[in-house]
Amino acid sequence: QSGEVRVAVASNFYRPMQALANDFEQRSGHQVSLSAGSTGKLYAQIINGAPFDVFVAADQARPQALIEQDLATADSLMTVAIGQLALWSADAKLITGQQQLQPNSTIKRLAIANPKSAPYGAAAIAVMEQLGVAQYWLPRLVQGQNISHTYQYVSSGNATAGFVAVSQVYQQGRLIAGSAWLVPSSLHPALKQDAVLLQSATTNQAAQALIEYLRSNAAKTIIQSFGYRTQSQ
Amino acid sequence: MSGVDLTVVWLTLKLASVVTLLLLVIATPVAWWLSQTQSKLKPAVSAIFAIPLVLPPTVLGFYLLLLLGPNGPAGQLSAGLGLGTLPFSFAGIAIACAVHSLPFVVQPLQNAFEAIGKRPLEVAATLRASPWDTFWHVVVPMARPGFFTAIVMGFCHSIGEFGVVLMIGGNIPGETRVLSVEIYNHVEAMEYSQAHWLAGGMVAFSFVALLAIYIINHRANRRGTL
Amino acid sequence: MSGVDLTVVWLTLKLASVVTLLLLVIATPVAWWLSQTQSKLKPAVSAIFAIPLVLPPTVLGFYLLLLLGPNGPAGQLSAGLGLGTLPFSFAGIAIACAVHSLPFVVQPLQNAFEAIGKRPLEVAATLRASPWDTFWHVVVPMARPGFFTAIVMGFCHSIGEFGVVLMIGGNIPGETRVLSVEIYNHVEAMEYSQAHWLAGGMVAFSFVALLAIYIINHRANRRGTL
Amino acid sequence: MAIVAKFRVEREGFTLDMALNLPATGITALYGASGSGKTTCLRAIAGLERLPNSFFQIGTEVWQDESNGIFVPPHQRQIGYVFQEASLFPHLDVAANLQFGQKRIAAAERQVSESHIIELLGLKPLLKRSPAALSGGERQRVAIARALLTSPQLLLMDEPLSALDRALKQEILPYLERLHQELAIPVIYVSHAADEVTRLADHLVLIDGGEVKAAGPIKQVLLDHQHAELFNDGASSVIEGQISGHLEHYASELRFGRFALRLSQQDHPVGQQLRCRVFASDVSVCLTQPHDTSISNIFPAKVSSVGDGRRPGEKLVTLQLDQQQHLLAQLSSHSVERLQIHPGHHVWAQVKSVAVL
Amino acid sequence: MAIVAKFRVEREGFTLDMALNLPATGITALYGASGSGKTTCLRAIAGLERLPNSFFQIGTEVWQDESNGIFVPPHQRQIGYVFQEASLFPHLDVAANLQFGQKRIAAAERQVSESHIIELLGLKPLLKRSPAALSGGERQRVAIARALLTSPQLLLMDEPLSALDRALKQEILPYLERLHQELAIPVIYVSHAADEVTRLADHLVLIDGGEVKAAGPIKQVLLDHQHAELFNDGASSVIEGQISGHLEHYASELRFGRFALRLSQQDHPVGQQLRCRVFASDVSVCLTQPHDTSISNIFPAKVSSVGDGRRPGEKLVTLQLDQQQHLLAQLSSHSVERLQIHPGHHVWAQVKSVAVL
Ligand SMILES: Nc1ncnc2c1ncn2[C@@H]1O[C@H](COP(=O)(O)OP(=O)(O)OP(=O)(O)O)[C@@H](O)[C@H]1O
Ligand SMILES: Nc1ncnc2c1ncn2[C@@H]1O[C@H](COP(=O)(O)OP(=O)(O)OP(=O)(O)O)[C@@H](O)[C@H]1O
Ligand code: MOO
Ligand SMILES: [Mg+2]
Ligand SMILES: [Mg+2]
């Protein structure tokens, strides 16, 4: 019989999650309802009794913290996707590679996500440190609250370029607009996004089915099509 | 607009209406007390009722979440009374929203009440109207501009309410996902054209609605006092 | 509190003060016009000035970003005037914040102006006061409760302003990182104890500040009219 | 029935300290200079001002007795109040203003006819107007009508007629008189206008600097030379009598003691008690009985005293008609000297005009 | 100097249509029933009400001429205005209210002494008070002082004294008179009180239903029987003469034509023009010259007409003293018949009292 599963999903993963949910609903007959929010907010809501079954975070820390508090089941923990970082500009000619990150760049203002709350932001800082240009960029940064704000800063031209998620600027493996440099994942800690089944949903078969589904290859194909990498089993 | 969006619009209007009603019920006696009292507590009470303004909505939402959640004192009380907990329910966002908009409603009412002065109350008393009667038949009609402002501000602010609702409500479709949250969802999903449509529609609708009530109010004012 | 936090507090107070001033400068003539006009445009203008209430702050911020950005009409104008673009600057968040808080300031002022009635203006005219003179020496003092409310609401709302600032500001330390954003960041980052300290401090400080001005206002009221 | 009141309050530069003992019938005038405390006293009676250590009783009902913690709030006192500044409700039209109080009393208690009052006060064309579209006098008339329509047990009026012109006053005054005669509503009436007071009042309370300087039946208070200065309307005396007949030439005759006074025609039936006021300035004196004069009211009298008038060169002469009745005459010292008017002399008092009260 | 005004406006149930041509000197009274349009007219003069198709000119200054698009806003008209309801600024204390207008005129133009006015109107103890802590009369006095302190070119007063008691009026009236004599400020004065009007006014405009019924020098207007009803104060006549001497017994003598009138003592020097009002009700008639009467003013006169008085049973008799001077006498029809008073008869007019204007 068909059940219902309520998913709290980090905003950056909202689009792939919609596609995943559609596919899952067709396959299983279960109903999925999505609640998007920042990872930190969703976490705060869950520890205060939010009625969610599955939590798809933007990082690994929050699902881990839930498991430690016995609010999520440890055996359900999985890495759903691994984010990729891109230096992107709305200007089609601007970004030709990492050289635009060197001092005296044509980039006037560089947008990143808030490194404190968004993993993509922390990753961007790591990249700049790796390249030894962090000191140069620090006073030239603007921070979006999350990766979606960051994207908006760049796409509206307010920031010349910014570190965004590949998933935001690529579709079917092609850049949608502007110019970009795909940041090698070796330059920053992996942007692993974990999902977990919440303790309150251990008897919810639809929720368990969704966790199962997320591990499936079908799901991975969809996730990859949004510009994420997935973990090999 | 899709079927989902209509639910969202409906929920938004319902929220704004419920909150406005709630606000009037709470703010009217508070504002009246503040306007009439000689008590030394007046500044303290006034300050308390202005506090929700100072806190960022998300932060306010966060603390309301802590307070009303299953571990919070208010949450334990409401659970103990068999009411369950309020966050992530329509009642929850309505209450949170009301807390956040309270100052916008208390202030204009208080100003309107104070502007009436003592004389009309005295006249009403000499015409045998009890304080309660006077309140309804003299104070309320004479404070009409204040009520009008309070209602417009309370209603509009509830429609635009976002941070508190998102925090307390949890973006749950059909229950707590209101228009502002839906626009946020579209933006997050990079569905900008939908976001533009929704936001544009919201502005257009609000403008027409506001225009209508301002025109009605304008007429009523002309008919009424100078 | 750390050194960083003090910068943030300072910036927040500066923002709120600048915005409040800006609001008074913009809202006072608008409210005065609205209170005096016989024009048919009155309801339309009123409605326009209420619109910022309806839009969720983040959405408003989003559109202001588009409008003020280098590709937006306002941005091109400001760039053409050699002013650069406004987003990610203190001036930018101040303007955005002012747009968002405008209704809270226009409304109480308008109500206060309307409550004065025509007679004091007539009396002032027969005592040789020009309209300008009358405005400053009769209207403003008589509308004191309205100005008080407008200032409190504008100032507090600017302190609590969040969505718009977040969007337009870019969280630049010392420039656009204000208290509300800082607390929000702590909440997001699971740094709850820092969030509690900051939020608690903010509430406590605001309460004391509000209490002080309410007490002063209370005294002034007593001394003034009945 | 009596009204007993004791009010005391200290204000910056003003102390009110009044003890009043008034009959709870008829019209009592509070008369005094600007700032003497009339409005404060009226407000205290209505309960609008709760003065500490005060007491107010009307008949058997105690409305305020602070020593026993009694204070009946204003809306439970069956009063009508006409404020010094007509205070109409700006959000109601004239008709709704009128009905405001009337609606709030039981139908059985309504003793005042709405249509009658509307006609009397000429409010018909104003009923649908907003108070802002009324002239000053029109506003005041509406306020009077509104207070009357609550059929009060006690009517308090703070200079209700001062915004009205004489013709309107002349119409309203008899109505107020009749009202209090027919309905026996006691009225406390604040006025600056001596003619209103003398016409209307049965009792007079002279107030000065927050204190009661004199109180009593108007005839008594007015006759006392001492109060002429306070009352400020020129000395006068009051004649009370019975209508004894209606004469040709639109005249009526009032009998008092063994005398008769010729008046302009009165509507009242024969036998009706009537009160007239004779200003000292309207009384002249002849040594011999005048015959071919247009003055109709001439009485033999005995000079009982000669006092100083208000201004130098003026004398106030008290003339005794009989045991009961005195008349005051204001004469120039010149005439007093020329005619040798001294106490004990017999003269003829000519009364040029009489104001029926 | 003259004031020329033409105002027209239609309101629900009221039409104002006035053309006025007044001297821009002295005091002009607007007199009329409640709702007759006095306040509207005054507001139009001040420019507070901008009536369409209207015109106003004072001296050579045109303040309003709609056909030429001229409209001087109120604050540029050098007027003083006392509103019907004292409209003090609630946010200012009495002193600041007084200074509000004074501060706004150049020091050189200040012709009215602040300390003098404060003393005259007894405002000293009130200076630090808030308007809310004043009695009704006190508020009105502050409003009068405030208007005077702007040293206006034209003073507009809307029933300024109706909230004041007689004693205060008696103090303020002479001041207003002197003010307009010394400073030559023309005054337009709305009043219901006939005694104020006759005392103060040089010109009288009778208004009824939004129209001017009569206008002219007060002596002329009052003498016309027709207007007695409108003026509503009882008929009277005005005597204008010169003080010819001060007598013993605190009396003065006024010479008019070949007659002399005995008055209470006047402060004015010999030679001073003076105006008195004689109410018809204060004049009685004898067929033979009375001798032993206290009435000092007795004149031979010829009956020139006998008309009906205001009430049945009353006659208004015009007595001619000489070519110039008439006196009105109000007699009962009874007396007229008894004494056979007909036009052409010679009688003695006894004037019991005279009001110095
Ligand atoms: N805004 C208005 N709309 C309609 N009628 C009005 C308005 N204002 C005044 N009136 C009417 O105009 C007439 C004249 O009013 P105005 O105030 O000039 O009278 P007034 O002579 O000053 O009377 P009062 O002695 O009672 O003050 C009145 O009948 C009044 O009802
Ligand atoms: N709130 C107050 N504070 C201080 N003094 C006051 C206050 N209210 C009234 N007074 C003073 O009390 C005195 C009496 O005032 P009240 O209004 O009773 O006078 P009134 O006799 O009615 O005078 P009027 O004839 O001028 O209306 C006045 O001197 C007034 O200034
Ligand atoms: O989806 Mo996030 O947690 O706002 O980057
Ligand atoms: Mg009074
Ligand atoms: Mg008037």
# chains A, B, ... in the order shown; residues from 1 in each chain; ligands from 1
$ closest_atom_pairs --of "chain A" --to "ligand 3" --cutoff "8 Å" --atoms "only C-alpha atoms and all ligand atoms" --output "CSV"
residue,atom,partner,partner_atom_place_in_ligand_line,distance
A:Val9,CA,ligand 3,1 (O),7.6
A:Ala10,CA,ligand 3,1 (O),3.9
A:Ser11,CA,ligand 3,1 (O),3.6
A:Asn12,CA,ligand 3,1 (O),3.9
A:Phe13,CA,ligand 3,1 (O),6.3
A:Tyr14,CA,ligand 3,1 (O),7.9
A:Gly37,CA,ligand 3,4 (O),6.4
A:Ser38,CA,ligand 3,4 (O),3.6
A:Thr39,CA,ligand 3,3 (O),3.8
A:Gly40,CA,ligand 3,3 (O),6.3
A:Ala57,CA,ligand 3,3 (O),6.8
A:Ala58,CA,ligand 3,3 (O),5.0
A:Asp59,CA,ligand 3,3 (O),7.6
A:Ala113,CA,ligand 3,5 (O),7.6
A:Ser117,CA,ligand 3,3 (O),7.0
A:Ala118,CA,ligand 3,5 (O),4.7
A:Pro119,CA,ligand 3,5 (O),6.6
A:Tyr120,CA,ligand 3,5 (O),6.8
A:Gln145,CA,ligand 3,4 (O),7.2
A:Asn146,CA,ligand 3,4 (O),4.5
A:Ile147,CA,ligand 3,5 (O),5.1
A:Ser148,CA,ligand 3,5 (O),7.2
$ residues_around --residues "segment 204-209 of chain C" --least-positions-apart "4" --cutoff "9 Å" --atoms "only C-alpha atoms" --output "list in words"
Ala44, Ala47, Ile48, Ala50, Ile51 and Val54 of chain B; Cys156, Ala199, Gly200, Ile213 and Tyr214 of chain C
$ closest_residue --among "B:Asp5, B:Glu188, B:Asp133, B:Glu122" --to "chain D" --atoms "only C-alpha atoms"
B:Glu122
$ residues_around --residues "segment 30-41 of chain C" --least-positions-apart "4" --cutoff "8 Å" --atoms "only C-alpha atoms" --output "PyMOL selection string"
chain C and resi 26+45-46+106-107+109-111+113-114
$ residues_near_ligand --ligand "ligand 5" --cutoff "7 Å" --atoms "only C-alpha atoms and all ligand atoms" --output "compact mmCIF listing (two decimals) with N, CA and C atoms, in the first residue's frame"
# COMPACT_ATOMS: atom_id res chain seq x y z
N SER D 135 -22.88 75.39 12.87
CA SER D 135 -22.35 76.62 13.45
C SER D 135 -22.23 76.42 14.96
N GLY D 136 -21.52 77.35 15.62
CA GLY D 136 -21.30 77.22 17.05
C GLY D 136 -22.60 77.07 17.84
N GLY D 137 -23.58 77.90 17.53
CA GLY D 137 -24.84 77.84 18.26
C GLY D 137 -25.60 76.56 17.97
N SER E 34 -28.25 82.47 15.39
CA SER E 34 -27.40 81.30 15.27
C SER E 34 -27.58 80.67 13.90
N GLY E 35 -26.50 80.41 13.23
CA GLY E 35 -26.56 79.77 11.91
C GLY E 35 -26.82 80.74 10.78
N LYS E 38 -22.45 84.22 10.24
CA LYS E 38 -21.47 85.17 10.75
C LYS E 38 -20.07 84.58 10.72
N THR E 39 -19.96 83.36 11.25
CA THR E 39 -18.64 82.74 11.29
C THR E 39 -18.11 82.50 9.89
N GLN E 84 -14.34 81.24 17.64
CA GLN E 84 -15.52 81.08 18.49
C GLN E 84 -15.24 80.13 19.66
N ASP E 158 -14.74 86.40 16.86
CA ASP E 158 -15.98 85.62 16.79
C ASP E 158 -16.49 85.33 18.20
$ calpha_fit_and_write --fixed "chain B" --moving "chain C" --output "short mmCIF file (atom, residue, chain, number, x, y, z; two decimals) with C-alpha atoms, in the first residue's frame"
data_model
loop_
_atom_site.label_atom_id
_atom_site.label_comp_id
_atom_site.auth_asym_id
_atom_site.auth_seq_id
_atom_site.Cartn_x
_atom_site.Cartn_y
_atom_site.Cartn_z
CA MET C 1 -0.83 29.18 -11.58
CA SER C 2 -0.84 25.53 -10.75
CA GLY C 3 -3.19 23.80 -8.36
CA VAL C 4 -0.51 23.70 -5.73
CA ASP C 5 -0.01 27.41 -5.95
CA LEU C 6 -3.70 28.05 -5.40
CA THR C 7 -3.58 26.07 -2.16
CA VAL C 8 -0.65 28.20 -1.19
CA VAL C 9 -2.46 31.42 -2.02
CA TRP C 10 -5.49 30.29 -0.10
CA LEU C 11 -3.40 29.30 2.88
CA THR C 12 -1.59 32.61 2.81
CA LEU C 13 -4.83 34.56 2.86
CA LYS C 14 -6.18 32.35 5.60
CA LEU C 15 -3.04 32.86 7.65
CA ALA C 16 -3.11 36.60 7.19
CA SER C 17 -6.79 36.77 8.13
CA VAL C 18 -6.46 34.57 11.18
CA VAL C 19 -3.38 36.45 12.33
CA THR C 20 -5.05 39.80 11.83
CA LEU C 21 -8.01 38.69 13.89
CA LEU C 22 -5.76 37.27 16.56
CA LEU C 23 -3.76 40.48 16.59
CA LEU C 24 -6.85 42.62 17.00
CA VAL C 25 -8.06 40.46 19.84
CA ILE C 26 -4.73 40.66 21.63
CA ALA C 27 -3.59 44.13 20.70
CA THR C 28 -6.82 46.04 21.29
CA PRO C 29 -6.95 45.52 25.06
CA VAL C 30 -3.20 45.99 25.36
CA ALA C 31 -3.27 49.22 23.37
CA TRP C 32 -6.30 50.43 25.30
CA TRP C 33 -4.65 49.70 28.60
CA LEU C 34 -1.49 51.46 27.48
CA SER C 35 -3.45 54.49 26.31
CA GLN C 36 -5.38 54.86 29.55
CA THR C 37 -3.07 53.70 32.29
CA GLN C 38 -1.36 55.93 34.78
CA SER C 39 0.69 52.94 35.90
CA LYS C 40 4.44 53.14 36.25
CA LEU C 41 4.65 49.88 34.38
CA LYS C 42 3.52 51.55 31.19
CA PRO C 43 6.97 52.16 29.70
CA ALA C 44 8.06 48.63 30.57
CA VAL C 45 5.00 47.07 28.98
CA SER C 46 5.41 49.30 25.95
CA ALA C 47 9.01 48.21 25.60
CA ILE C 48 8.12 44.54 25.88
CA PHE C 49 5.56 44.88 23.14
CA ALA C 50 8.13 46.51 20.88
CA ILE C 51 10.74 43.78 21.32
CA PRO C 52 9.51 41.45 18.55
CA LEU C 53 10.46 44.24 16.16
CA VAL C 54 14.08 44.14 17.14
CA LEU C 55 14.67 40.44 16.69
CA PRO C 56 15.35 39.19 13.19
CA PRO C 57 12.43 36.99 12.16
CA THR C 58 14.55 33.88 11.73
CA VAL C 59 16.03 34.36 15.15
CA LEU C 60 12.64 34.98 16.63
CA GLY C 61 11.45 31.86 14.86
CA PHE C 62 14.37 29.94 16.24
CA TYR C 63 13.58 30.90 19.80
CA LEU C 64 9.89 30.32 19.34
CA LEU C 65 10.81 26.88 18.08
CA LEU C 66 12.73 26.24 21.27
CA LEU C 67 9.98 27.75 23.42
CA LEU C 68 7.05 26.00 21.78
CA GLY C 69 8.85 22.72 21.07
CA PRO C 70 8.33 19.61 23.18
CA ASN C 71 11.27 20.56 25.38
CA GLY C 72 10.34 24.21 25.74
CA PRO C 73 8.22 25.49 28.64
CA ALA C 74 5.38 26.65 26.41
CA GLY C 75 5.48 23.39 24.51
CA GLN C 76 5.31 21.35 27.67
CA LEU C 77 2.41 23.43 28.83
CA SER C 78 0.50 23.01 25.57
CA ALA C 79 1.31 19.29 25.49
CA GLY C 80 0.24 18.96 29.10
CA LEU C 81 -3.06 20.59 28.19
CA GLY C 82 -3.47 17.95 25.51
CA LEU C 83 -3.04 20.46 22.70
CA GLY C 84 0.08 18.90 21.33
CA THR C 85 2.95 21.08 20.27
CA LEU C 86 2.46 24.02 18.00
CA PRO C 87 5.39 24.07 15.58
CA PHE C 88 4.66 22.66 12.12
CA SER C 89 0.98 23.42 12.47
CA PHE C 90 -1.17 26.18 11.13
CA ALA C 91 -1.92 27.29 14.66
CA GLY C 92 1.79 27.48 15.34
CA ILE C 93 2.63 29.73 12.43
CA ALA C 94 -0.38 31.86 13.18
CA ILE C 95 0.78 32.40 16.74
CA ALA C 96 4.36 33.01 15.72
CA CYS C 97 3.29 35.40 13.04
CA ALA C 98 1.07 37.21 15.51
CA VAL C 99 3.91 37.60 17.97
CA HIS C 100 6.06 39.08 15.27
CA SER C 101 3.42 41.50 13.99
CA LEU C 102 2.13 42.56 17.40
CA PRO C 103 4.03 45.86 17.57
CA PHE C 104 2.63 46.98 14.23
CA VAL C 105 -0.85 46.60 15.56
CA VAL C 106 -0.44 47.78 19.14
CA GLN C 107 1.25 51.05 18.19
CA PRO C 108 -1.29 52.52 15.77
CA LEU C 109 -4.14 51.47 18.03
CA GLN C 110 -2.52 53.04 21.05
CA ASN C 111 -1.88 56.27 19.15
CA ALA C 112 -5.45 56.34 17.90
CA PHE C 113 -6.84 55.72 21.38
CA GLU C 114 -4.68 58.45 22.85
CA ALA C 115 -5.70 60.90 20.15
CA ILE C 116 -9.35 60.60 21.19
CA GLY C 117 -8.70 62.37 24.47
CA LYS C 118 -10.83 62.24 27.56
CA ARG C 119 -13.77 64.38 26.56
CA PRO C 120 -15.66 61.89 24.36
CA LEU C 121 -15.37 59.29 27.11
CA GLU C 122 -16.78 61.75 29.60
CA VAL C 123 -19.60 62.69 27.29
CA ALA C 124 -20.46 59.04 26.78
CA ALA C 125 -20.48 58.46 30.53
CA THR C 126 -22.90 61.33 31.08
CA LEU C 127 -25.08 59.73 28.41
CA ARG C 128 -25.21 56.53 30.48
CA ALA C 129 -22.79 54.47 28.43
CA SER C 130 -20.81 52.04 30.55
CA PRO C 131 -17.06 51.87 29.89
CA TRP C 132 -17.60 48.74 27.79
CA ASP C 133 -20.40 50.35 25.83
CA THR C 134 -18.32 53.50 25.39
CA PHE C 135 -15.43 51.45 24.13
CA TRP C 136 -17.50 49.87 21.40
CA HIS C 137 -19.63 52.80 20.40
CA VAL C 138 -17.31 55.72 20.88
CA VAL C 139 -13.71 54.62 21.10
CA VAL C 140 -13.74 52.05 18.32
CA PRO C 141 -15.50 54.24 15.75
CA MET C 142 -13.42 57.27 16.66
CA ALA C 143 -10.23 55.20 16.42
CA ARG C 144 -11.21 53.96 13.00
CA PRO C 145 -8.10 55.31 11.25
CA GLY C 146 -5.97 53.53 13.82
CA PHE C 147 -7.82 50.26 13.36
CA PHE C 148 -7.58 50.66 9.63
CA THR C 149 -3.82 51.12 9.78
CA ALA C 150 -3.46 48.30 12.27
CA ILE C 151 -5.43 45.91 10.11
CA VAL C 152 -3.62 46.85 6.92
CA MET C 153 -0.23 46.57 8.57
CA GLY C 154 -1.05 43.35 10.40
CA PHE C 155 -2.56 41.72 7.35
CA CYS C 156 0.13 42.79 4.91
CA HIS C 157 2.92 41.97 7.27
CA SER C 158 1.48 38.51 7.78
CA ILE C 159 1.34 37.95 4.06
CA GLY C 160 4.94 38.98 3.76
CA GLU C 161 5.90 37.12 6.89
CA PHE C 162 8.66 34.80 6.06
CA GLY C 163 11.44 34.11 8.48
CA VAL C 164 9.25 33.18 11.40
CA VAL C 165 6.89 31.09 9.33
CA LEU C 166 9.74 29.38 7.60
CA MET C 167 11.27 28.43 10.87
CA ILE C 168 8.17 27.39 12.76
CA GLY C 169 6.19 26.06 9.85
CA GLY C 170 8.32 23.34 8.30
CA ASN C 171 7.01 24.06 4.79
CA ILE C 172 4.21 21.50 4.99
CA PRO C 173 2.02 21.70 1.88
CA GLY C 174 -1.51 22.73 2.68
CA GLU C 175 -0.64 23.39 6.27
CA THR C 176 2.23 25.78 6.58
CA ARG C 177 3.52 26.39 3.08
CA VAL C 178 2.57 29.94 2.34
CA LEU C 179 3.25 32.19 -0.61
CA SER C 180 6.32 33.88 0.77
CA VAL C 181 8.05 30.55 1.37
CA GLU C 182 7.03 29.35 -2.06
CA ILE C 183 8.51 32.37 -3.80
CA TYR C 184 11.63 32.06 -1.75
CA ASN C 185 11.95 28.44 -2.77
CA HIS C 186 11.69 29.35 -6.41
CA VAL C 187 14.43 31.93 -6.00
CA GLU C 188 16.61 29.42 -4.20
CA ALA C 189 16.03 26.83 -6.84
CA MET C 190 16.98 29.23 -9.66
CA GLU C 191 13.40 28.98 -10.92
CA TYR C 192 13.38 32.69 -11.51
CA SER C 193 10.54 32.86 -13.97
CA GLN C 194 8.19 31.09 -11.56
CA ALA C 195 9.40 33.42 -8.82
CA HIS C 196 8.72 36.44 -11.03
CA TRP C 197 5.24 35.25 -11.85
CA LEU C 198 4.38 34.55 -8.27
CA ALA C 199 5.92 37.74 -6.90
CA GLY C 200 4.41 39.81 -9.68
CA GLY C 201 1.03 38.28 -9.09
CA MET C 202 1.35 38.88 -5.39
CA VAL C 203 2.26 42.53 -5.85
CA ALA C 204 -0.45 43.08 -8.41
CA PHE C 205 -3.07 41.39 -6.28
CA SER C 206 -1.96 43.20 -3.16
CA PHE C 207 -1.97 46.50 -4.97
CA VAL C 208 -5.49 45.99 -6.21
CA ALA C 209 -6.65 44.79 -2.81
CA LEU C 210 -4.97 47.66 -1.00
CA LEU C 211 -6.27 50.14 -3.53
CA ALA C 212 -9.77 48.86 -2.98
CA ILE C 213 -9.63 49.13 0.78
CA TYR C 214 -7.95 52.51 0.66
CA ILE C 215 -10.68 53.77 -1.63
CA ILE C 216 -13.35 52.39 0.67
CA ASN C 217 -11.62 53.89 3.67
CA HIS C 218 -11.24 57.21 1.89
CA ARG C 219 -14.97 57.30 1.18
CA ALA C 220 -15.85 56.32 4.73
CA ASN C 221 -13.57 59.04 6.07
CA ARG C 222 -15.22 61.64 3.92
CA ARG C 223 -18.62 60.60 5.03
CA GLY C 224 -17.51 60.54 8.66
CA THR C 225 -15.71 63.23 10.55
CA LEU C 226 -13.91 66.09 8.89
#
$ residues_around --residues "Asp202 of chain E" --least-positions-apart "4" --cutoff "9 Å" --atoms "only C-alpha atoms" --output "PDB file with N, CA, C and O atoms, in the first residue's frame"
ATOM      1  N   THR E  25     -12.351 101.489   9.551  1.00  0.00           N
ATOM      2  CA  THR E  25     -11.975 102.096  10.828  1.00  0.00           C
ATOM      3  C   THR E  25     -13.066 101.732  11.799  1.00  0.00           C
ATOM      4  O   THR E  25     -14.182 101.397  11.400  1.00  0.00           O
ATOM      5  N   GLY E  26     -12.767 101.830  13.051  1.00  0.00           N
ATOM      6  CA  GLY E  26     -13.788 101.579  14.055  1.00  0.00           C
ATOM      7  C   GLY E  26     -14.173 100.131  14.148  1.00  0.00           C
ATOM      8  O   GLY E  26     -13.551  99.251  13.553  1.00  0.00           O
ATOM      9  N   ILE E  27     -15.198  99.891  14.918  1.00  0.00           N
ATOM     10  CA  ILE E  27     -15.631  98.531  15.180  1.00  0.00           C
ATOM     11  C   ILE E  27     -16.928  98.265  14.439  1.00  0.00           C
ATOM     12  O   ILE E  27     -17.891  99.019  14.544  1.00  0.00           O
ATOM     13  N   THR E  28     -16.913  97.189  13.671  1.00  0.00           N
ATOM     14  CA  THR E  28     -18.117  96.796  12.957  1.00  0.00           C
ATOM     15  C   THR E  28     -18.640  95.518  13.576  1.00  0.00           C
ATOM     16  O   THR E  28     -17.899  94.547  13.709  1.00  0.00           O
ATOM     17  N   ALA E  29     -19.887  95.523  13.959  1.00  0.00           N
ATOM     18  CA  ALA E  29     -20.454  94.312  14.551  1.00  0.00           C
ATOM     19  C   ALA E  29     -21.222  93.540  13.492  1.00  0.00           C
ATOM     20  O   ALA E  29     -21.967  94.114  12.711  1.00  0.00           O
ATOM     21  N   VAL E 197     -22.558  94.864  21.595  1.00  0.00           N
ATOM     22  CA  VAL E 197     -22.589  95.458  20.259  1.00  0.00           C
ATOM     23  C   VAL E 197     -22.848  96.948  20.337  1.00  0.00           C
ATOM     24  O   VAL E 197     -22.132  97.751  19.748  1.00  0.00           O
ATOM     25  N   THR E 198     -23.861  97.321  21.089  1.00  0.00           N
ATOM     26  CA  THR E 198     -24.202  98.738  21.121  1.00  0.00           C
ATOM     27  C   THR E 198     -23.109  99.537  21.807  1.00  0.00           C
ATOM     28  O   THR E 198     -22.873 100.685  21.476  1.00  0.00           O
ATOM     29  N   GLY E 216     -24.862  99.771   8.365  1.00  0.00           N
ATOM     30  CA  GLY E 216     -24.680 101.209   8.413  1.00  0.00           C
ATOM     31  C   GLY E 216     -24.189 101.620   9.775  1.00  0.00           C
ATOM     32  O   GLY E 216     -23.965 100.780  10.642  1.00  0.00           O
ATOM     33  N   PRO E 217     -24.047 102.926   9.971  1.00  0.00           N
ATOM     34  CA  PRO E 217     -23.649 103.419  11.288  1.00  0.00           C
ATOM     35  C   PRO E 217     -24.673 102.928  12.306  1.00  0.00           C
ATOM     36  O   PRO E 217     -25.878 102.876  12.019  1.00  0.00           O
ATOM     37  N   ILE E 218     -24.213 102.568  13.464  1.00  0.00           N
ATOM     38  CA  ILE E 218     -25.078 101.882  14.420  1.00  0.00           C
ATOM     39  C   ILE E 218     -26.287 102.736  14.789  1.00  0.00           C
ATOM     40  O   ILE E 218     -27.395 102.225  14.941  1.00  0.00           O
ATOM     41  N   LYS E 219     -26.079 104.048  14.884  1.00  0.00           N
ATOM     42  CA  LYS E 219     -27.159 104.951  15.291  1.00  0.00           C
ATOM     43  C   LYS E 219     -28.332 104.842  14.313  1.00  0.00           C
ATOM     44  O   LYS E 219     -29.479 104.725  14.703  1.00  0.00           O
TER      45      LYS E 219
END
